[in-house]
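What follows is a set of notes on a single structure, which appears directly below.
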Amino acid sequence: FSRRHKLYWEELNLTSPAAPLPLRPEASWLQFHLGISQDGLYPRSSPTVNRLLRDMQDFTTISADYSQDEKALLGACDCSQIVKPSGVHLKLVLRFQDFGKAMFKPMRQKREEETPEDFFYFVDFQRHNAEIAAFHLDRILDFRRVPPTVGRLINVTKEILEVTKNEILQSVFFVSPASNVCFFAKCPYMCKTEYAVCGNPHLLEGSLSAFLPSLNLAPRLSIPNPWIRSYSFDGKEEWEVNPLYCDTVREIYPYSNGNRLLNIVDMAIFDFLIGNMDRHHYEMFTKFGDNGFLLHLDNARGFGRHSHDETSILAPLSQCCIIKRTTLLRLQLLAEPEYRLSDVMRESLLQDRLAPVLTEPHLLALDRRLQLILKAVRKCIDTYGEAKVVANDTTQPEAPASDRVKVTT
């Protein structure tokens, strides 16, 4: 199939689409990058984000390629030794006008399918709809630490095969017995055609996540998560067997002062709500120093099992017994009947063109998990007192008593 396509391309003397237009100052990608601050990836109620989401849905794809991670690992494994090759995500970098760039993750699992109970978290599927839902949840929680992400139907022939210059990517396209256009990745991801993703016959669902500024312009650090899990079939990390593990973490810089530990707790709360056990590292912009916010990247292993609540994800909260006041107030507000988290998420996700993004059981699981978080906070307050547990992270004027949410409710 790829050989015929290449010959067809050469015979017609086809060339790749015209180069992107000169960068416009009002381009949504540029405005998104300029809006990043020490408070988050974008300002609260930013009109730029909504414009960026529309552009990622509508703009024509100019080129497609493997990500740098996949290029670095191509051929670096023995496919026969992979435990479950289909578990790792196939992802591509798509480019648009105005120098726009987004990470495309194709659909590999239907929304109603749950992760089997016997799966280890590190061989689980990665889900495109989890990336979309994670962005909406992050915005609802007012963290603003997940890059803008949107769902899109991609024509894999016109928007990937016909615009890519990567011959390896061209070579992995084929037509299935059902006449659908499919493609797969070389090692160490999906090594065989049975692990391919296929259009219907050309259209394929996927998530598009806006790229952050390049590392040359905005350097980032990748830091191991203190509550990292063991990525083997046996053995446990210290935090899994030592209930006093947080005392050790508190003695280590930068967790000994500042808000880094509070940000770790925020990240654990977010991961618990989406059911993500795969947070082995976190990233930070170096520009904002040690107290900058943590980026919540790569959320595709979330929303795998709505019927199970993995409370071990909450270890940073339950072991350290500390939480930001603003985070707690937001969680308590989303537990109120008129602002129920599942209802707010349902309404937010309806804005995406791939709606419904989550099934109803996943939405209801958010309410259940939110109650478990608040229960863990109450237990900490009962043990250590509110003054030690709830960290005042805001200098904003206090709301009138009638409008205030009681912290200990």
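If you're wondering about the labels, chains in the structure tokens are A, B, ... by order shown, residues count from 1 in each chain, ligands from 1 in order shown.
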Taking only stretch 197-361 of chain A into account, list the residues labelled alpha helix (DSSP H) by DSSP (computed from the backbone), as a PyMOL selection string. chain A and resi 238-241+245-250+260-274+315-320+325-334+341-349+360-361
Please provide the set of residues having any atom within 8 Å of A:Lys91, restricted to only C-alpha atoms, with same-chain residues fewer than 2 positions apart removed, written as a PyMOL selection string. chain A and resi 66-67+89+93+103-106
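You can rank A:Val377, A:Ile140, A:Leu217, A:Ala27 by their closest distance to A:Leu341 using only C-alpha atoms, and at the top of that list sits A:Ile140.
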